[in-house]
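Colleague: File entry.txt follows (compact mmCIF, C-alpha atoms):
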```txt
# COMPACT_ATOMS: atom_id res chain seq x y z
CA PHE V 1309 16.43 4.15 14.14
CA VAL V 1310 18.19 3.51 10.85
CA ALA V 1311 20.95 1.75 12.76
CA LEU V 1312 18.34 -0.57 14.22
CA PHE V 1313 17.00 -1.32 10.78
CA LEU V 1314 20.51 -2.06 9.53
CA LEU V 1315 21.20 -4.44 12.40
CA LEU V 1316 17.89 -6.21 11.95
CA HIS V 1317 18.46 -6.49 8.24
CA ASN V 1318 21.91 -8.01 8.76
CA GLU V 1319 20.50 -10.51 11.20
CA MET V 1320 17.69 -11.38 8.80
CA VAL V 1321 20.15 -12.17 6.06
CA THR V 1322 22.35 -14.29 8.30
CA GLY V 1323 19.28 -15.94 9.78
CA VAL V 1324 17.91 -16.97 6.44
CA TYR V 1325 21.28 -18.29 5.29
CA LYS V 1326 21.75 -20.21 8.51
CA SER V 1327 18.43 -21.92 8.07
CA GLN V 1328 19.61 -22.94 4.63
CA GLU V 1329 22.62 -24.65 6.15
CA GLN V 1330 20.32 -26.53 8.45
CA GLY V 1331 18.30 -27.59 5.47
CA GLU V 1332 15.12 -25.71 6.35
CA VAL V 1333 15.17 -23.65 3.20
CA GLU V 1334 15.92 -25.15 -0.15
CA ASN V 1335 19.19 -24.28 -1.76
CA GLY V 1336 19.09 -21.12 -3.80
CA ARG V 1337 15.74 -20.07 -2.38
CA CYS V 1338 17.21 -17.65 0.13
CA ILE V 1339 17.17 -14.66 -2.19
CA THR V 1340 13.54 -15.39 -3.04
CA LYS V 1341 12.68 -15.66 0.62
CA LEU V 1342 14.31 -12.36 1.48
CA GLU V 1343 12.65 -10.76 -1.52
CA ASN V 1344 9.24 -11.99 -0.39
CA MET V 1345 9.82 -10.61 3.08
CA GLY V 1346 10.60 -7.26 1.50
CA PHE V 1347 7.50 -7.52 -0.66
CA ARG V 1348 5.20 -7.83 2.31
CA VAL V 1349 6.92 -5.02 4.19
CA GLY V 1350 6.75 -2.81 1.12
CA GLN V 1351 3.02 -3.37 0.81
CA GLY V 1352 2.45 -2.35 4.41
CA LEU V 1353 4.75 0.65 4.28
CA ILE V 1354 3.27 2.09 1.13
CA GLU V 1355 -0.20 1.81 2.63
CA ARG V 1356 0.96 3.93 5.54
CA PHE V 1357 3.00 6.45 3.57
CA THR V 1358 0.37 7.21 0.97
CA LYS V 1359 -2.34 7.75 3.53
CA ASP V 1360 -2.18 11.51 3.41
CA THR V 1361 -0.98 12.12 -0.10
CA ALA V 1362 -3.17 13.13 -3.00
CA ARG V 1363 -4.14 10.58 -5.59
CA PHE V 1364 -1.41 9.78 -8.09
CA LYS V 1365 -1.82 10.94 -11.63
CA ASP V 1366 0.20 8.36 -13.52
CA GLU V 1367 3.07 5.95 -13.39
CA LEU V 1368 5.73 8.65 -13.36
CA ASP V 1369 4.02 10.29 -10.42
CA ILE V 1370 4.21 7.03 -8.52
CA MET V 1371 7.86 6.50 -9.38
CA LYS V 1372 8.64 10.02 -8.22
CA PHE V 1373 6.97 9.25 -4.94
CA ILE V 1374 9.01 6.08 -4.50
CA TYR V 1375 12.13 7.98 -5.44
CA LYS V 1376 11.55 10.92 -3.13
CA ASP V 1377 9.40 10.15 -0.14
CA PHE V 1378 9.58 6.38 0.15
CA TRP V 1379 13.34 6.23 -0.17
CA THR V 1380 14.01 9.10 2.21
CA THR V 1381 11.77 7.62 4.86
CA VAL V 1382 13.28 4.17 4.69
CA PHE V 1383 16.95 5.02 4.21
CA LYS V 1384 17.00 8.59 5.57
CA LYS V 1385 18.67 9.89 2.45
CA GLN V 1386 17.60 10.64 -1.04
CA ILE V 1387 18.49 8.38 -3.87
CA ASP V 1388 21.06 9.96 -6.14
CA ASN V 1389 19.67 9.42 -9.55
CA LEU V 1390 16.45 8.38 -11.24
CA ARG V 1391 16.44 7.73 -14.93
CA THR V 1392 13.77 6.48 -17.25
CA ASN V 1393 13.34 5.71 -20.91
CA HIS V 1394 9.62 6.60 -20.66
CA GLN V 1395 8.75 3.10 -21.81
CA GLY V 1396 8.44 1.42 -18.48
CA ILE V 1397 12.05 1.06 -17.43
CA TYR V 1398 13.34 3.05 -14.51
CA VAL V 1399 16.80 2.98 -13.02
CA LEU V 1400 17.34 4.14 -9.47
CA GLN V 1401 20.93 4.70 -8.52
CA GLY V 1402 22.34 5.08 -5.04
CA ASN V 1403 25.97 6.08 -4.78
CA LYS V 1404 26.31 5.25 -1.12
CA PHE V 1405 23.71 2.64 -0.48
CA ARG V 1406 23.02 2.29 3.23
CA LEU V 1407 23.00 -1.48 3.37
CA LEU V 1408 26.32 -1.76 1.57
CA THR V 1409 28.36 1.00 3.17
CA GLN V 1410 29.32 -1.18 6.09
CA MET V 1411 31.12 -3.65 3.89
CA SER V 1412 34.60 -3.07 2.59
CA SER V 1413 34.61 -1.37 -0.74
CA GLY V 1414 37.01 -3.75 -2.45
CA LYS V 1415 36.01 -6.36 -4.96
CA GLN V 1416 36.40 -9.08 -2.38
CA TYR V 1417 32.80 -9.25 -1.22
CA LEU V 1418 31.11 -8.43 -4.49
CA ASP V 1419 29.62 -11.92 -4.64
CA HIS V 1420 27.82 -11.40 -1.36
CA ALA V 1421 26.13 -8.15 -2.35
CA PRO V 1422 22.97 -9.71 -3.86
CA LYS V 1423 21.99 -11.14 -0.47
CA TYR V 1424 21.89 -7.68 1.00
CA LEU V 1425 19.91 -6.19 -1.84
CA ALA V 1426 17.17 -8.77 -2.19
CA PHE V 1427 15.13 -7.28 0.63
CA THR V 1428 15.24 -3.81 -0.91
CA CYS V 1429 14.22 -5.17 -4.30
CA GLY V 1430 11.22 -6.75 -2.65
CA LEU V 1431 10.47 -3.51 -0.85
CA ILE V 1432 10.21 -1.61 -4.12
CA ARG V 1433 8.26 -4.35 -5.85
CA GLY V 1434 5.81 -4.67 -2.96
CA GLY V 1435 5.26 -0.95 -2.83
CA LEU V 1436 4.60 -0.72 -6.54
CA SER V 1437 2.32 -3.72 -6.59
CA ASN V 1438 0.18 -2.22 -3.86
CA LEU V 1439 -0.14 0.91 -5.95
CA GLY V 1440 -1.33 -1.21 -8.84
CA ILE V 1441 1.84 -1.61 -10.87
CA LYS V 1442 3.28 -5.02 -11.62
CA SER V 1443 7.04 -4.88 -11.98
CA ILE V 1444 10.30 -6.75 -11.93
CA VAL V 1445 13.05 -5.25 -9.82
CA THR V 1446 16.67 -6.28 -10.18
CA ALA V 1447 19.74 -4.93 -8.43
CA GLU V 1448 23.15 -4.49 -9.88
CA VAL V 1449 26.44 -3.70 -8.17
CA SER V 1450 29.54 -2.84 -10.11
CA ALA V 1451 31.66 -1.15 -7.45
CA MET V 1452 30.96 -1.63 -3.82
CA PRO V 1453 28.81 1.03 -2.16
CA THR V 1454 27.19 2.02 -5.44
CA CYS V 1455 24.23 0.08 -6.66
CA LYS V 1456 21.55 0.36 -9.26
CA PHE V 1457 17.99 -0.86 -9.08
CA GLN V 1458 16.36 -1.50 -12.36
CA VAL V 1459 12.58 -1.45 -12.33
CA ILE V 1460 10.87 -2.96 -15.34
CA ILE V 1461 7.18 -2.30 -15.41
CA GLN V 1462 4.97 -4.98 -16.84
CA THR V 1463 2.16 -3.65 -18.90
CA MET V 1464 -0.92 -5.74 -19.25
CA MET G 483 -24.59 7.05 12.22
CA ALA G 484 -23.74 4.84 9.29
CA VAL G 485 -25.95 1.85 8.56
CA CYS G 486 -23.47 -0.05 6.43
CA ILE G 487 -19.70 0.08 6.02
CA ALA G 488 -17.82 -1.93 3.41
CA VAL G 489 -14.20 -2.34 2.42
CA ILE G 490 -13.61 -3.54 -1.12
CA ALA G 491 -10.30 -4.80 -2.46
CA LYS G 492 -8.39 -3.61 -5.50
CA GLU G 493 -9.89 -6.43 -7.56
CA ASN G 494 -13.43 -5.51 -6.48
CA TYR G 495 -14.25 -8.25 -4.05
CA PRO G 496 -15.38 -7.49 -0.52
CA LEU G 497 -12.79 -7.56 2.24
CA TYR G 498 -15.18 -6.50 4.92
CA ILE G 499 -18.86 -5.63 5.11
CA ARG G 500 -20.95 -4.79 8.13
CA SER G 501 -24.47 -3.50 8.32
CA ILE G 502 -27.21 -2.82 10.82
CA PRO G 503 -29.84 -4.15 11.06
CA ALA G 504 -28.26 -7.43 10.11
CA GLU G 505 -31.36 -8.82 8.38
CA HIS G 506 -31.05 -6.29 5.56
CA GLU G 507 -27.57 -7.43 4.77
CA LEU G 508 -28.39 -8.62 1.25
CA LYS G 509 -29.92 -5.30 0.35
CA PHE G 510 -26.78 -3.50 1.45
CA HIS G 511 -24.66 -5.91 -0.52
CA TYR G 512 -26.59 -4.80 -3.59
CA THR G 513 -26.29 -1.12 -2.75
CA VAL G 514 -22.56 -1.38 -2.24
CA HIS G 515 -22.14 -3.44 -5.39
CA THR G 516 -23.96 -0.85 -7.50
CA SER G 517 -21.92 1.93 -5.99
CA LEU G 518 -18.70 0.38 -7.32
CA ASP G 519 -19.59 1.50 -10.84
CA VAL G 520 -19.98 5.06 -9.65
CA VAL G 521 -16.65 4.81 -7.84
CA ASP G 522 -14.95 3.66 -11.04
CA GLU G 523 -16.55 6.45 -13.00
CA LYS G 524 -15.48 9.09 -10.51
CA VAL G 525 -11.90 7.80 -10.32
CA SER G 526 -11.40 7.74 -14.07
CA ALA G 527 -12.97 11.18 -14.42
CA MET G 528 -10.65 12.46 -11.73
CA GLY G 529 -7.55 11.37 -13.64
CA LYS G 530 -8.34 13.91 -16.32
CA ALA G 531 -9.42 16.63 -13.94
CA LEU G 532 -7.34 19.45 -12.52
CA VAL G 533 -4.58 18.86 -10.04
CA ASP G 534 -6.36 20.15 -6.97
CA GLN G 535 -9.23 17.70 -7.28
CA ARG G 536 -7.21 14.63 -6.51
CA GLU G 537 -8.47 13.96 -3.04
CA LEU G 538 -8.96 10.43 -1.75
CA TYR G 539 -12.45 11.21 -0.57
CA LEU G 540 -14.96 10.95 -3.41
CA GLY G 541 -17.95 12.59 -1.80
CA LEU G 542 -21.55 11.55 -2.28
CA LEU G 543 -21.79 8.73 -4.80
CA TYR G 544 -25.54 8.66 -5.15
CA PRO G 545 -28.61 9.18 -3.04
CA THR G 546 -31.51 6.73 -2.94
CA GLU G 547 -34.87 7.18 -1.27
CA ASP G 548 -33.76 6.02 2.12
CA TYR G 549 -30.00 6.18 2.02
CA LYS G 550 -27.03 8.17 0.90
CA VAL G 551 -23.93 6.39 -0.32
CA TYR G 552 -20.46 7.87 0.17
CA GLY G 553 -17.18 6.63 -1.25
CA TYR G 554 -13.45 6.82 -0.62
CA VAL G 555 -10.59 5.24 -2.57
CA THR G 556 -7.08 4.86 -1.18
CA ASN G 557 -3.94 5.17 -3.26
CA SER G 558 -3.71 1.40 -3.30
CA LYS G 559 -7.15 1.31 -4.96
CA VAL G 560 -8.93 -0.13 -1.96
CA LYS G 561 -12.45 1.24 -1.77
CA PHE G 562 -14.41 2.20 1.30
CA VAL G 563 -18.15 2.60 0.92
CA MET G 564 -20.40 3.99 3.60
CA VAL G 565 -24.20 3.97 3.51
CA VAL G 566 -25.90 6.57 5.67
CA ASP G 567 -29.55 7.00 6.50
CA SER G 568 -30.80 10.00 4.54
CA SER G 569 -33.11 11.06 7.35
CA ASN G 570 -29.95 11.94 9.20
CA THR G 571 -29.56 15.45 7.80
CA ALA G 572 -27.30 16.65 10.57
CA LEU G 573 -24.39 14.79 9.05
CA ARG G 574 -22.02 17.18 7.30
CA ASP G 575 -19.62 16.43 4.50
CA ASN G 576 -16.70 17.12 6.82
CA GLU G 577 -17.87 14.61 9.37
CA ILE G 578 -18.17 11.94 6.72
CA ARG G 579 -14.68 12.80 5.59
CA SER G 580 -13.26 12.44 9.08
CA MET G 581 -15.07 9.14 9.48
CA PHE G 582 -13.42 7.89 6.32
CA ARG G 583 -10.06 9.08 7.61
CA LYS G 584 -10.59 7.07 10.76
CA LEU G 585 -11.56 4.06 8.70
CA HIS G 586 -8.47 4.46 6.56
CA ASN G 587 -6.20 4.77 9.60
CA SER G 588 -7.67 1.64 11.02
CA TYR G 589 -7.31 -0.19 7.72
CA THR G 590 -3.66 0.82 7.55
CA ASP G 591 -3.11 -0.71 10.97
CA VAL G 592 -4.67 -3.94 9.76
CA MET G 593 -2.52 -3.88 6.65
CA CYS G 594 0.66 -3.38 8.66
CA ASN G 595 -0.15 -6.30 10.92
CA PRO G 596 2.35 -9.00 9.95
CA PHE G 597 -0.19 -11.72 10.67
CA TYR G 598 -2.65 -10.34 8.16
CA ASN G 599 -2.35 -11.60 4.62
CA PRO G 600 -3.09 -8.85 2.08
CA GLY G 601 -6.20 -9.76 0.15
CA ASP G 602 -7.83 -11.81 2.88
CA ARG G 603 -11.05 -10.90 4.61
CA ILE G 604 -10.53 -8.65 7.60
CA HIS G 605 -11.17 -10.34 10.93
CA SER G 606 -9.34 -7.86 13.13
CA ARG G 607 -11.13 -7.10 16.36
CA ALA G 608 -9.72 -3.58 16.60
CA PHE G 609 -11.09 -2.81 13.15
CA ASP G 610 -14.42 -4.34 14.09
CA ASN G 611 -14.70 -2.21 17.21
CA MET G 612 -13.87 0.92 15.29
CA VAL G 613 -16.57 0.19 12.72
CA THR G 614 -19.07 -0.52 15.48
CA SER G 615 -18.25 2.79 17.14
CA MET G 616 -18.95 4.62 13.89
CA MET G 617 -22.22 2.82 13.37
CA VAL G 618 -23.87 3.32 16.72
CA GLN G 619 -22.84 6.87 17.53
CA VAL G 620 -26.25 8.30 16.76
CA CYS G 621 -28.57 5.41 16.02
```
Spit out the file's structure as structure tokens when you get a sec.
Modeller:
Amino acid sequence: FVALFLLLHNEMVTGVYKSQEQGEVENGRCITKLENMGFRVGQGLIERFTKDTARFKDELDIMKFIYKDFWTTVFKKQIDNLRTNHQGIYVLQGNKFRLLTQMSSGKQYLDHAPKYLAFTCGLIRGGLSNLGIKSIVTAEVSAMPTCKFQVIIQTM
Amino acid sequence: MAVCIAVIAKENYPLYIRSIPAEHELKFHYTVHTSLDVVDEKVSAMGKALVDQRELYLGLLYPTEDYKVYGYVTNSKVKFVMVVDSSNTALRDNEIRSMFRKLHNSYTDVMCNPFYNPGDRIHSRAFDNMVTSMMVQVC
């Protein structure tokens, strides 16, 4: 099942970039498009996953849910590290991120990594927004299969 | 069973409202609208309460002369409100709860439909049929 998701995800990325070459999508909008796709999927998924859970107490409770249940269901493995400064910034770190493990671990393809992370960023952002938290999610890769997602929560 | 079922979005506007008989629709709009305050009150009170009281089902919101109003809030802050005829005493709390569960399941299906835009009014036929089945069971 995860393999299917990986294949579909790869195709999605190539598909979006192909349509850019044909001029259907504006230059530089591909990441945004992938992110928006993730956003919508995240909204739907979180609706389904939280159906049987108790009501969340606070923000940290929600982040813990994303970190534990949401991540394990989507990627079939727990995320390795969750850190927070208790002021609305959370960092999720995955040492062997599923969507990146298939690529070579050299520095060669580092430039291409953001394409493959945009969807996941959207996934997190969509999930949080459906739970009532506005956030900005950015991904960061320093060495190949390791990546960090930084979640900045916007307080109103 | 139920005389009116409403789904209200996070931002407190109606996503779906159905009532029988249809000519009393305005009255039910009012009833549901008033109930939103009670929902808010219950949810904020629940945040401070003990851990074991954090269920999605809110129970009876308030009774009026003719009706009883029940509420349910999902984790995504979408509210379901159900108005039941108070002459119908056979209806247990557990049955109401299972009805809400069914409603929630159905709503989740709507939400996961890629052709549905979150925040729009619900026009799904499957959802409609499910609501109808809950409304006519006894009446």
Colleague: Name all residues at most 7 Å from region 551-564 of chain G (count all atoms listed in the file; drop same-chain ones fewer than 4 positions away) and give them as a ChimeraX atom specification.
Modeller: /V:1355,1358,1363,1438-1440 /G:484,486-492,514,521,538-545
Colleague: Using all atoms listed in the file, which chain V residues lie at most 12 Å away from chain G, written as a ChimeraX atom specification?
Modeller: /V:1345-1367,1369-1370,1373,1434-1441
Colleague: Enter the distance from CA of Ala608 (chain G) to CA of Met581 (chain G), in Å, rounded to one decimal.
Modeller: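 Distance reported for this atom pair: 15.5 Å.
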Colleague: Take CA of Glu507 (chain G) and CA of Lys524 (chain G) and report the distance between them in Å, one decimal.
Modeller: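 Rounded to one decimal, the two atoms are 25.5 Å apart.
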Colleague: Take the point (26.5, -4.7, -7.4) in the file's coordinates, draw a sphere of radius 9 Å around it, and report as a PyMOL selection string every protein, DNA or RNA residue with an atom inside or on it, counting all atoms listed in the file.
Modeller: chain V and resi 1418-1419+1421-1422+1425+1447-1456
Colleague: Please identify all polymer residues within 10 Å of region 1310-1326 of chain V, counting only C-alpha atoms, omitting same-chain residues fewer than 6 positions from it, and present them as a list in words.
Modeller: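 These residues fall inside the cut-off: Glu1332, Val1333, Asn1335, Gly1336, Arg1337, Cys1338, Ile1339, Lys1341, Leu1342, Met1345, Thr1381, Val1382, Phe1383, Lys1384, Arg1406, Leu1407, Leu1408, Gln1410, Lys1423, Tyr1424, Leu1425, Ala1426 and Phe1427 of chain V.
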Colleague: Can you tell me how far CA of Thr1428 (chain V) sits from CA of Leu1400 (chain V), in Å to one decimal?
Modeller: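 Rounded to one decimal, the two atoms are 11.9 Å apart.
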Colleague: Nearest to Ile499 (chain G) among G:Asn576, G:Thr546, G:Ser569, G:Thr513, with distances taken over all atoms listed in the file: which residue is it?
Modeller: G:Thr513
Colleague: Please write out, as AutoDock Vina command-line options, where the centre of an axis-aligned box around all listed atoms of region 1457-1462 of chain V lies and how long its edges are, in Å to one decimal, after adding 8 Å on each side.
Modeller:
```
--center_x 11.5 --center_y -2.9 --center_z -13.0 --size_x 29.0 --size_y 20.1 --size_z 23.8
```
Colleague: When distances are computed from only C-alpha atoms, which of G:Val613, G:Arg603, G:Lys550, G:Ser588 shows the smallest separation from Leu573 (chain G)?
Modeller: G:Lys550
Colleague: Please rebuild region 607-621 of chain G with N, CA, C and O atoms and return the result as an mmCIF file, in the coordinates of the input.
Modeller:
```
data_model
loop_
_atom_site.group_PDB
_atom_site.id
_atom_site.type_symbol
_atom_site.label_atom_id
_atom_site.label_comp_id
_atom_site.auth_asym_id
_atom_site.auth_seq_id
_atom_site.Cartn_x
_atom_site.Cartn_y
_atom_site.Cartn_z
ATOM 1 N N ARG G 607 -10.156 -7.555 15.375
ATOM 2 C CA ARG G 607 -11.130 -7.100 16.360
ATOM 3 C C ARG G 607 -11.077 -5.592 16.522
ATOM 4 O O ARG G 607 -12.101 -4.944 16.707
ATOM 5 N N ALA G 608 -9.865 -5.035 16.448
ATOM 6 C CA ALA G 608 -9.720 -3.580 16.600
ATOM 7 C C ALA G 608 -10.492 -2.864 15.494
ATOM 8 O O ALA G 608 -11.193 -1.882 15.741
ATOM 9 N N PHE G 609 -10.387 -3.398 14.285
ATOM 10 C CA PHE G 609 -11.090 -2.810 13.150
ATOM 11 C C PHE G 609 -12.602 -2.924 13.360
ATOM 12 O O PHE G 609 -13.353 -1.971 13.134
ATOM 13 N N ASP G 610 -13.009 -4.070 13.816
ATOM 14 C CA ASP G 610 -14.420 -4.340 14.090
ATOM 15 C C ASP G 610 -14.986 -3.340 15.095
ATOM 16 O O ASP G 610 -16.052 -2.773 14.881
ATOM 17 N N ASN G 611 -14.243 -3.129 16.171
ATOM 18 C CA ASN G 611 -14.700 -2.210 17.210
ATOM 19 C C ASN G 611 -14.824 -0.797 16.690
ATOM 20 O O ASN G 611 -15.767 -0.072 17.032
ATOM 21 N N MET G 612 -13.855 -0.419 15.837
ATOM 22 C CA MET G 612 -13.870 0.920 15.290
ATOM 23 C C MET G 612 -15.104 1.116 14.416
ATOM 24 O O MET G 612 -15.778 2.145 14.496
ATOM 25 N N VAL G 613 -15.394 0.103 13.592
ATOM 26 C CA VAL G 613 -16.570 0.190 12.720
ATOM 27 C C VAL G 613 -17.837 0.273 13.572
ATOM 28 O O VAL G 613 -18.722 1.092 13.311
ATOM 29 N N THR G 614 -17.899 -0.541 14.600
ATOM 30 C CA THR G 614 -19.070 -0.520 15.480
ATOM 31 C C THR G 614 -19.260 0.867 16.081
ATOM 32 O O THR G 614 -20.373 1.387 16.125
ATOM 33 N N SER G 615 -18.148 1.476 16.509
ATOM 34 C CA SER G 615 -18.250 2.790 17.140
ATOM 35 C C SER G 615 -18.789 3.826 16.158
ATOM 36 O O SER G 615 -19.503 4.741 16.546
ATOM 37 N N MET G 616 -18.459 3.659 14.865
ATOM 38 C CA MET G 616 -18.950 4.620 13.890
ATOM 39 C C MET G 616 -20.412 4.385 13.560
ATOM 40 O O MET G 616 -21.119 5.274 13.129
ATOM 41 N N MET G 617 -20.853 3.141 13.754
ATOM 42 C CA MET G 617 -22.220 2.820 13.370
ATOM 43 C C MET G 617 -23.239 3.219 14.420
ATOM 44 O O MET G 617 -24.349 3.595 14.085
ATOM 45 N N VAL G 618 -22.861 3.129 15.685
ATOM 46 C CA VAL G 618 -23.870 3.320 16.720
ATOM 47 C C VAL G 618 -23.889 4.710 17.307
ATOM 48 O O VAL G 618 -24.770 5.030 18.091
ATOM 49 N N GLN G 619 -22.960 5.555 16.902
ATOM 50 C CA GLN G 619 -22.840 6.870 17.530
ATOM 51 C C GLN G 619 -24.179 7.584 17.705
ATOM 52 O O GLN G 619 -24.455 8.108 18.778
ATOM 53 N N VAL G 620 -24.995 7.578 16.666
ATOM 54 C CA VAL G 620 -26.250 8.300 16.760
ATOM 55 C C VAL G 620 -27.449 7.363 16.865
ATOM 56 O O VAL G 620 -28.359 7.586 17.664
ATOM 57 N N CYS G 621 -27.420 6.312 16.095
ATOM 58 C CA CYS G 621 -28.570 5.410 16.020
ATOM 59 C C CYS G 621 -29.021 4.906 17.400
ATOM 60 O O CYS G 621 -28.198 4.619 18.233
#
```
